[in-house]
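Q: Please see the structure below; I have some questions.
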Amino acid sequence: MGRTGRRSSAPRLDDETTAIRGSMFQTPRPVESADARRLPGLDGLRALAIVLVLAYHLFPGLAPGGFLGVDVFLVVSGYLITTLLLEEHGRSGGIALRRFWVRRARRLLPALVLVVTVSAGLAALIGGDVLVGIGWQLVGALTFSYNWFSIATGADYLTQTSPELLRHLWSLAVEEQFYLLWPLVLLALLAIPRSSIRIALVSALAISSAAAMALLTGDPALDTAAASAAYFSTLTHGFGLAAGAALALLRARRSRVTAGPARARMLTDVGGVLAGLGLVGLSLVLTIDGAATYRGGLVVAVVLTLAVIASADRPESRLTTLLDAPLPRWVGERSYGLYLWHWPVIVLLGAQLPALDRANLGDTWLLGVIALTGSVLLAAASYRLVESPFRRAPHAAQPLTLRALAAVGALALLAAASTAVAQAPPRSEAAELIAAGRLAVEESQRRTDRPAPRDEEPAATVGSTLPSGDEITAIGDSVMLAAAPQLQERFPGIAIDAVVSRQMRQAPQIVRSLVESDRLRGTVVLGLGTNGPIDPETLHEVRALLGPERTLVLVSAQAPRGWTEGVNADLVDFARTYRLVELSDWRAAISPRLSLLAPDQIHPGPTGGQVYTETLVAALQRIADLPPLVDYDENPGLHRPR
């Protein structure tokens with residue numbers, strides 16, 4: 001509350017840092033007024049950011065690029081923190097580093113400890129895949145180094161066989177590292193006399209970070225490890241923070257921002273609104289595995305966020321009125337809690353409801369609605385009962401109840417963490433199935449690895465007899481790997497070429513290589529489509545490479561991913577186009593029996609592998625039962641069908 005008794009609608013100066021007069025480390029004097037400096041519109045911008053993130057995580061397909069909401073948060077943080085630190089330095093000639101860091105800890109740690117404790121405790125009760133890697137996740141979360149732990153352990157942000165319970169805390173780690181280092185860097189920058197040089201240096205830092213992400217990503221669809229590392233790293237994903245800081249330095253250079261002519265104000269407002277709409281539009285076209293995301297897409301999101309901030313943070317801005325409306329303000333004030341809670345809620349719900357078909361759009365959205373409702377309720381309670389009391393209490397004289405709560409929270413965290421770590425399996429069920437399948441394939445390749453004779457044409461498989469394993473080449477992804485033991489049991493000698501995270505776009509190159517080395521057999525099984533959308537032209541290219549003498553079986557995709565419905569539709573259409581192309585409808589066969597899959601609802605266990613194999617057998621039988629083609633030129637007595 002300020003002196004007027006009105007509730008502030010924007011981030012308050014005493015919530016973020018403390019204004020001081022005197023040397024850097026002297027005890028600060030109280031701020032004259034909590035409303036001494038308002039940063040308008042930022043709560044509304046935070047609201048937009050969290051809505052995009054929630055849409056991306058909770059409602060697959062609604063906003064494929066909603067992950068850019070994290071970059072909006074980063075820009076806001078860079079701008080807000082730098083603005084407040086500059087104001088403090090302008091008043092006192094220094095920055096109270098210890099007080100700044102303590103206030104950041106009081107702002108972030110209580111809610112974080114609560115979320116981590118509850119999440120770890122519930123995960124320990126559920127057990128299984130949600131506990132995989134929980135030890136390093138807890139260490140990374142509580143030391144604000146989650147992103148670096150993710151890189152060190154090879155965590156894959158793009159392809160998840162089992163989603164990590166605390167994976168979303170990578171971005172909080174990036175922000176906390178900024179809070180730790182940026183005040184020191186800013187003090188060094190402020191020693192430079194010319195403000196233009198300071199702005200240029202910070203802008204160059206932002207550009208360098210964005211360029212590093214573009215250069216180090218490679219092709220995200222083919223090299224998910226490199227893309228994940230670039231996405232997680234503070235060095236390559238810190239350009240939003242640096243850009244926000246550069247804007248704050250630029251705004252501080254103008255000692256007084258005037259309202260300007262009415263026409264200019266209107267144009268600026270329109271520009272800010274268009275920039276906000278641009279963020280929404282961008283969230284509809286970007287994808288996490290698209291090269292454009294890492295090579296300019298996120299940079300565009302940062303630039304649009306800067307435009308919204310610049311438009312809102314000025315006198316008489318109509319955009320600010322929109323962003324500071326009651327609903328956006330309410331959501332923005334609780335955006336931190338919403339971000340913390342939503343991901344563990346959706347992961348734990350998915351683990352608790354394994355029979356819910358997450359590849360079905362209706363079931364997925366139902367799960368999202370439940371998770372959203374729970375996240376809002378938890379975030380609201382956390383904001384009122386945990387975040388606000390700890391943030392508002394004077395540091396030197398915190399009430400006894402808060403100290404008691406902190407002690408209880410620490411003990412609860414220790415108990416939950418210890419229990420969770422003790423029960424954690426070494427790897428997920430899906431990873432175990434994939435590893436077993438890979439071992440089976442490697443052992444088979446060592447026993448039987450013979451090329452087809454160069455001077456013989458592959459035998460056609462049309463007829464009443466199914467092809468033997470020696471006549472089948474199977475090309476697939478991790479789903480085929482998991483089913484490999486059952487495929488080998490039914491088709492001894494089958495050649496399986498399956499790799500984790502493989503996509504359909506790689507199929508022509510693989511087929512071409514097998515053709516050139518005379519290793520491609522008469523029947524080809526193609527089990528791709530789990531890891532991304534497909535281009536029908538790729539299928540036509542594969543068919544051309546196979547030639548008319550080979551048969552092709554396409555395996556439909558089962559995965560709780562937004563693209564699987566389109567993938568399966570393309571496979572059905574293509575199978576209808578060619579006589580010697582058949583569909584093995586794995587999706588239809590397994591969807592009523594999801595309990596036969598790993599918790600990720602993608603990879604089959606032993607019984608699921610039998611279903612996978614039986615479905616393939618049925619497809620091969622349909623090809624074998626095709627009537628032979630009749631050569632009417634050699635049988636002139638037969639009448640051609642009209």
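How things are named: the first chain in the structure tokens is A, the next is B, and so on; residues count from 1 in each chain; ligands count from 1 in the order shown.
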Taking only segment 143-232 of chain A into account, list the residues labelled alpha helix (DSSP H) by DSSP (computed from the backbone), as a ChimeraX atom specification.

A: /A:146-152,169-190,195-217,224-232

Q: Identify, with DSSP run on backbone atoms, the residues in segment 504-612 of chain A assigned to strand (DSSP E or B), and express the list as number ranges by chain.

A: A: 523-527, 551-555, 581-584, 597, 604

Q: Quick one: residues within 8 Å of Asp43 of chain A, only C-alpha atoms, excluding same-chain residues fewer than 2 positions away - as a list in words?

A: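 Here the qualifying residues turn out to be Ala10, Pro11, Pro40, Gly41, Leu45, Arg46, Ala47, Leu323, Asp324, Pro328, Arg329, Trp330, Val331, Gly332 and Glu333 of chain A.
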
Q: If we count only C-alpha atoms and set the cut-off at 8 Å, which residues sit around segment 575-587 of chain A, ignoring sequence neighbours fewer than 5 positions away in its own chain? Please answer as a PyMOL selection string.

A: chain A and resi 550-558+611-612+615-616+618-620+622-623

Q: Let me make sure I understand: among A:Arg384, A:Arg519, A:His237, A:Arg358, which one has the smallest atom-to-atom distance to Asp600 of chain A if we use only C-alpha atoms?

A: A:Arg358

Q: Would you mind reading off the distance between atom CA of Thr473 of chain A and atom CA of Pro533 of chain A, one decimal, in Å?

A: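 Computing it gives 22.8 Å between the two atoms.
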
Q: Residues at most 7 Å from segment 476-478 of chain A, counting only C-alpha atoms, excluding those fewer than 4 positions away in the same chain, as an MDAnalysis selection string?

A: chainID A and resid 434 482 497:502 526:528

Q: Those residues you just picked out, can you put them in a file as a short mmCIF file (atom, residue, chain, number, x, y, z; two decimals), in the first residue's frame with all heavy atoms?

A:
data_model
loop_
_atom_site.label_atom_id
_atom_site.label_comp_id
_atom_site.auth_asym_id
_atom_site.auth_seq_id
_atom_site.Cartn_x
_atom_site.Cartn_y
_atom_site.Cartn_z
N ILE A 434 13.47 -49.90 -24.75
CA ILE A 434 14.29 -49.54 -25.91
C ILE A 434 15.66 -50.19 -25.83
O ILE A 434 16.19 -50.72 -26.82
CB ILE A 434 14.41 -48.00 -26.01
CG1 ILE A 434 13.05 -47.38 -26.32
CG2 ILE A 434 15.42 -47.61 -27.08
CD1 ILE A 434 13.03 -45.87 -26.17
N ALA A 482 11.59 -51.13 -29.41
CA ALA A 482 10.96 -51.75 -28.25
C ALA A 482 10.26 -53.05 -28.63
O ALA A 482 10.19 -53.98 -27.81
CB ALA A 482 9.96 -50.78 -27.62
N ASP A 497 16.49 -52.06 -38.76
CA ASP A 497 17.31 -50.84 -38.70
C ASP A 497 16.45 -49.78 -38.01
O ASP A 497 15.66 -49.09 -38.66
CB ASP A 497 17.70 -50.40 -40.11
CG ASP A 497 18.59 -49.15 -40.11
OD1 ASP A 497 18.73 -48.51 -39.04
OD2 ASP A 497 19.12 -48.81 -41.18
N ALA A 498 16.58 -49.67 -36.70
CA ALA A 498 15.75 -48.75 -35.92
C ALA A 498 16.62 -47.92 -34.99
O ALA A 498 17.54 -48.45 -34.37
CB ALA A 498 14.70 -49.52 -35.12
N VAL A 499 16.31 -46.62 -34.90
CA VAL A 499 17.10 -45.68 -34.11
C VAL A 499 16.16 -44.75 -33.36
O VAL A 499 15.13 -44.33 -33.91
CB VAL A 499 18.05 -44.86 -35.02
CG1 VAL A 499 18.81 -43.82 -34.20
CG2 VAL A 499 19.02 -45.78 -35.75
N VAL A 500 16.50 -44.41 -32.15
CA VAL A 500 15.71 -43.48 -31.34
C VAL A 500 15.63 -42.12 -32.03
O VAL A 500 16.62 -41.64 -32.60
CB VAL A 500 16.32 -43.33 -29.94
CG1 VAL A 500 15.58 -42.27 -29.13
CG2 VAL A 500 16.28 -44.67 -29.20
N SER A 501 14.45 -41.52 -32.00
CA SER A 501 14.19 -40.16 -32.51
C SER A 501 14.24 -40.04 -34.02
O SER A 501 14.20 -38.93 -34.56
CB SER A 501 15.17 -39.14 -31.89
OG SER A 501 15.03 -39.11 -30.49
N ARG A 502 14.30 -41.14 -34.74
CA ARG A 502 14.34 -41.08 -36.20
C ARG A 502 13.01 -40.56 -36.75
O ARG A 502 11.95 -40.85 -36.21
CB ARG A 502 14.65 -42.46 -36.77
CG ARG A 502 14.70 -42.50 -38.29
CD ARG A 502 15.06 -43.89 -38.76
NE ARG A 502 16.49 -44.14 -38.68
CZ ARG A 502 17.06 -45.34 -38.83
NH1 ARG A 502 16.30 -46.40 -39.05
NH2 ARG A 502 18.36 -45.47 -38.75
N LEU A 526 8.14 -49.90 -42.89
CA LEU A 526 8.55 -48.55 -42.52
C LEU A 526 7.73 -48.10 -41.31
O LEU A 526 6.54 -47.84 -41.43
CB LEU A 526 8.33 -47.61 -43.70
CG LEU A 526 9.16 -46.32 -43.75
CD1 LEU A 526 10.65 -46.62 -43.72
CD2 LEU A 526 8.82 -45.52 -45.01
N GLY A 527 8.37 -48.06 -40.16
CA GLY A 527 7.70 -47.67 -38.92
C GLY A 527 8.21 -46.35 -38.41
O GLY A 527 8.92 -46.29 -37.40
N LEU A 528 7.85 -45.26 -39.10
CA LEU A 528 8.26 -43.92 -38.71
C LEU A 528 7.02 -43.02 -38.64
O LEU A 528 6.00 -43.33 -39.23
CB LEU A 528 9.26 -43.35 -39.72
CG LEU A 528 10.58 -44.14 -39.85
CD1 LEU A 528 11.39 -43.64 -41.05
CD2 LEU A 528 11.39 -44.05 -38.58
#

Q: Could you pull the residues within 12 Å of Asp219 of chain A, counting only C-alpha atoms, minus those fewer than 4 positions along the same chain, as a list in words?

A: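 Answer for this query is Leu158, Met213, Ala214, Leu215, Asp223, Thr224, Ala225, Ala226, Ala227, Ser228, Ala230, Ile288, Asp289, Gly290, Ala291, Ala292, Thr293, Tyr294 and Arg295 of chain A.
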
Q: If you keep C-alpha atoms, can you produce a file of those selected residues as a PDB file, in the first residue's frame?

A:
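Generated file (again_31.pdb):
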ATOM      1  CA  LEU A 158      12.566 -32.041 -27.908  1.00  0.00           C
ATOM      2  CA  MET A 213      22.060 -20.469 -30.626  1.00  0.00           C
ATOM      3  CA  ALA A 214      21.583 -20.337 -34.396  1.00  0.00           C
ATOM      4  CA  LEU A 215      25.068 -21.711 -35.095  1.00  0.00           C
ATOM      5  CA  ASP A 223      20.080 -33.647 -33.822  1.00  0.00           C
ATOM      6  CA  THR A 224      17.823 -33.114 -30.835  1.00  0.00           C
ATOM      7  CA  ALA A 225      20.758 -33.260 -28.418  1.00  0.00           C
ATOM      8  CA  ALA A 226      22.451 -30.190 -29.933  1.00  0.00           C
ATOM      9  CA  ALA A 227      19.160 -28.295 -30.109  1.00  0.00           C
ATOM     10  CA  SER A 228      18.360 -29.139 -26.489  1.00  0.00           C
ATOM     11  CA  ALA A 230      21.407 -24.683 -27.164  1.00  0.00           C
ATOM     12  CA  ILE A 288      10.088 -26.784 -30.930  1.00  0.00           C
ATOM     13  CA  ASP A 289      11.826 -28.959 -33.545  1.00  0.00           C
ATOM     14  CA  GLY A 290      11.783 -26.398 -36.351  1.00  0.00           C
ATOM     15  CA  ALA A 291      15.072 -24.841 -37.427  1.00  0.00           C
ATOM     16  CA  ALA A 292      13.348 -21.468 -37.858  1.00  0.00           C
ATOM     17  CA  THR A 293      12.698 -21.342 -34.106  1.00  0.00           C
ATOM     18  CA  TYR A 294      16.393 -21.316 -33.270  1.00  0.00           C
ATOM     19  CA  ARG A 295      17.504 -19.275 -36.266  1.00  0.00           C
TER      20      ARG A 295
END

Q: Choose the residue, out of A:Gly66, A:Pro389, A:Gly135, A:Gly522, that has the smallest atom-to-atom separation from Leu165 of chain A; count only C-alpha atoms.

A: A:Gly135

Q: Between A:Ala380, A:Val174, A:Ala63, A:Leu142, which is the closest to Ala105 of chain A once you count only C-alpha atoms?

A: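 Closest to Ala105 of chain A of all the choices is A:Leu142.
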
Q: Using atom CA of Val285 of chain A and atom CA of Trp563 of chain A as the two end points, give the distance in Å to one decimal.

A: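 Atom CA of Trp563 of chain A lies 13.6 Å from atom CA of Val285 of chain A.
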
Q: Considering only C-alpha atoms, return as a ChimeraX atom specification whatever protein or nucleic-acid residues lie within 12 Å of Pro344 of chain A, sequence-local ones (same chain, fewer than 2 positions apart) excluded.

A: /A:57-58,112,115-123,130-131,163-169,337-342,346-352,371-372,374-375,378

Q: Keeping N, CA and C atoms for every residue in the selection just given, could you write it to a file as a short mmCIF file (atom, residue, chain, number, x, y, z; two decimals), in the first residue's frame?

A:
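Here's the written file part-v4.cif:
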data_model
loop_
_atom_site.label_atom_id
_atom_site.label_comp_id
_atom_site.auth_asym_id
_atom_site.auth_seq_id
_atom_site.Cartn_x
_atom_site.Cartn_y
_atom_site.Cartn_z
N HIS A 57 1.89 -26.38 -23.05
CA HIS A 57 2.09 -27.59 -22.26
C HIS A 57 0.82 -28.36 -21.97
N LEU A 58 -0.27 -27.67 -21.74
CA LEU A 58 -1.48 -28.34 -21.29
C LEU A 58 -2.44 -28.71 -22.42
N LEU A 112 9.08 -21.87 -4.56
CA LEU A 112 9.84 -22.95 -5.18
C LEU A 112 9.97 -24.15 -4.25
N VAL A 115 6.65 -26.01 -4.04
CA VAL A 115 6.35 -26.80 -5.23
C VAL A 115 7.23 -28.05 -5.30
N VAL A 116 8.51 -27.89 -5.04
CA VAL A 116 9.43 -29.02 -5.10
C VAL A 116 9.08 -30.05 -4.04
N THR A 117 8.76 -29.59 -2.84
CA THR A 117 8.42 -30.52 -1.76
C THR A 117 7.16 -31.32 -2.08
N VAL A 118 6.10 -30.63 -2.48
CA VAL A 118 4.84 -31.30 -2.79
C VAL A 118 5.02 -32.23 -3.99
N SER A 119 5.71 -31.77 -5.01
CA SER A 119 5.89 -32.58 -6.22
C SER A 119 6.70 -33.84 -5.93
N ALA A 120 7.79 -33.70 -5.20
CA ALA A 120 8.63 -34.86 -4.86
C ALA A 120 7.87 -35.84 -3.98
N GLY A 121 7.10 -35.30 -3.01
CA GLY A 121 6.33 -36.18 -2.13
C GLY A 121 5.28 -36.97 -2.88
N LEU A 122 4.52 -36.31 -3.77
CA LEU A 122 3.50 -37.00 -4.56
C LEU A 122 4.12 -38.00 -5.53
N ALA A 123 5.25 -37.63 -6.11
CA ALA A 123 5.94 -38.54 -7.03
C ALA A 123 6.40 -39.80 -6.30
N VAL A 130 7.99 -41.20 -13.00
CA VAL A 130 8.05 -39.80 -12.56
C VAL A 130 9.22 -39.55 -11.62
N LEU A 131 9.85 -40.61 -11.12
CA LEU A 131 10.99 -40.47 -10.21
C LEU A 131 12.34 -40.61 -10.92
N PRO A 163 8.79 -37.56 -19.37
CA PRO A 163 9.02 -36.16 -19.01
C PRO A 163 9.52 -36.01 -17.58
N GLU A 164 10.55 -35.20 -17.39
CA GLU A 164 11.10 -34.96 -16.05
C GLU A 164 10.12 -34.13 -15.23
N LEU A 165 10.01 -34.48 -13.97
CA LEU A 165 9.04 -33.84 -13.09
C LEU A 165 9.30 -32.35 -12.94
N LEU A 166 10.55 -31.94 -12.92
CA LEU A 166 10.91 -30.54 -12.66
C LEU A 166 11.59 -29.88 -13.86
N ARG A 167 11.38 -30.41 -15.04
CA ARG A 167 12.10 -29.93 -16.22
C ARG A 167 11.90 -28.44 -16.46
N HIS A 168 10.73 -27.91 -16.16
CA HIS A 168 10.44 -26.51 -16.46
C HIS A 168 11.31 -25.55 -15.66
N LEU A 169 12.00 -26.04 -14.64
CA LEU A 169 12.81 -25.15 -13.80
C LEU A 169 14.12 -24.75 -14.47
N GLY A 337 3.72 -18.48 -9.76
CA GLY A 337 3.13 -19.69 -9.20
C GLY A 337 2.52 -20.58 -10.27
N LEU A 338 1.86 -19.99 -11.25
CA LEU A 338 1.29 -20.78 -12.34
C LEU A 338 2.38 -21.52 -13.10
N TYR A 339 3.49 -20.85 -13.32
CA TYR A 339 4.59 -21.51 -14.03
C TYR A 339 5.16 -22.66 -13.20
N LEU A 340 5.34 -22.41 -11.90
CA LEU A 340 5.91 -23.45 -11.04
C LEU A 340 5.01 -24.68 -10.95
N TRP A 341 3.70 -24.48 -10.83
CA TRP A 341 2.79 -25.59 -10.54
C TRP A 341 2.35 -26.37 -11.78
N HIS A 342 2.19 -25.72 -12.93
CA HIS A 342 1.48 -26.37 -14.02
C HIS A 342 2.17 -27.62 -14.53
N ILE A 346 0.65 -31.56 -14.49
CA ILE A 346 0.32 -32.33 -15.69
C ILE A 346 1.10 -33.63 -15.73
N VAL A 347 2.35 -33.64 -15.26
CA VAL A 347 3.14 -34.87 -15.25
C VAL A 347 2.57 -35.87 -14.25
N LEU A 348 2.25 -35.40 -13.05
CA LEU A 348 1.72 -36.29 -12.02
C LEU A 348 0.33 -36.82 -12.40
N LEU A 349 -0.50 -35.98 -12.99
CA LEU A 349 -1.81 -36.44 -13.44
C LEU A 349 -1.68 -37.52 -14.52
N GLY A 350 -0.77 -37.29 -15.45
CA GLY A 350 -0.56 -38.28 -16.50
C GLY A 350 -0.08 -39.61 -15.94
N ALA A 351 0.78 -39.55 -14.91
CA ALA A 351 1.27 -40.79 -14.29
C ALA A 351 0.17 -41.49 -13.50
N GLN A 352 -0.72 -40.71 -12.92
CA GLN A 352 -1.79 -41.29 -12.10
C GLN A 352 -2.93 -41.82 -12.95
N ALA A 371 -5.71 -30.11 -15.25
CA ALA A 371 -4.41 -29.58 -14.81
C ALA A 371 -4.45 -28.07 -14.67
N LEU A 372 -5.12 -27.39 -15.60
CA LEU A 372 -5.22 -25.93 -15.54
C LEU A 372 -5.98 -25.50 -14.29
N GLY A 374 -6.38 -27.13 -11.46
CA GLY A 374 -5.54 -27.37 -10.29
C GLY A 374 -4.42 -26.37 -10.17
N SER A 375 -3.80 -26.02 -11.29
CA SER A 375 -2.68 -25.08 -11.27
C SER A 375 -3.12 -23.69 -10.81
N LEU A 378 -3.82 -23.80 -7.02
CA LEU A 378 -2.57 -23.91 -6.26
C LEU A 378 -1.78 -22.61 -6.32
#

Q: Which of these residues is nearest to Ala589 of chain A, using only C-alpha atoms: A:Gly608, A:Val76, A:Arg446, A:Arg438?

A: A:Gly608

Q: Quote the spacing between atom CA of Glu176 of chain A and atom CA of Ile134 of chain A in Å to one decimal place.

A: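 Between atom CA of Glu176 of chain A and atom CA of Ile134 of chain A the gap is 20.7 Å.
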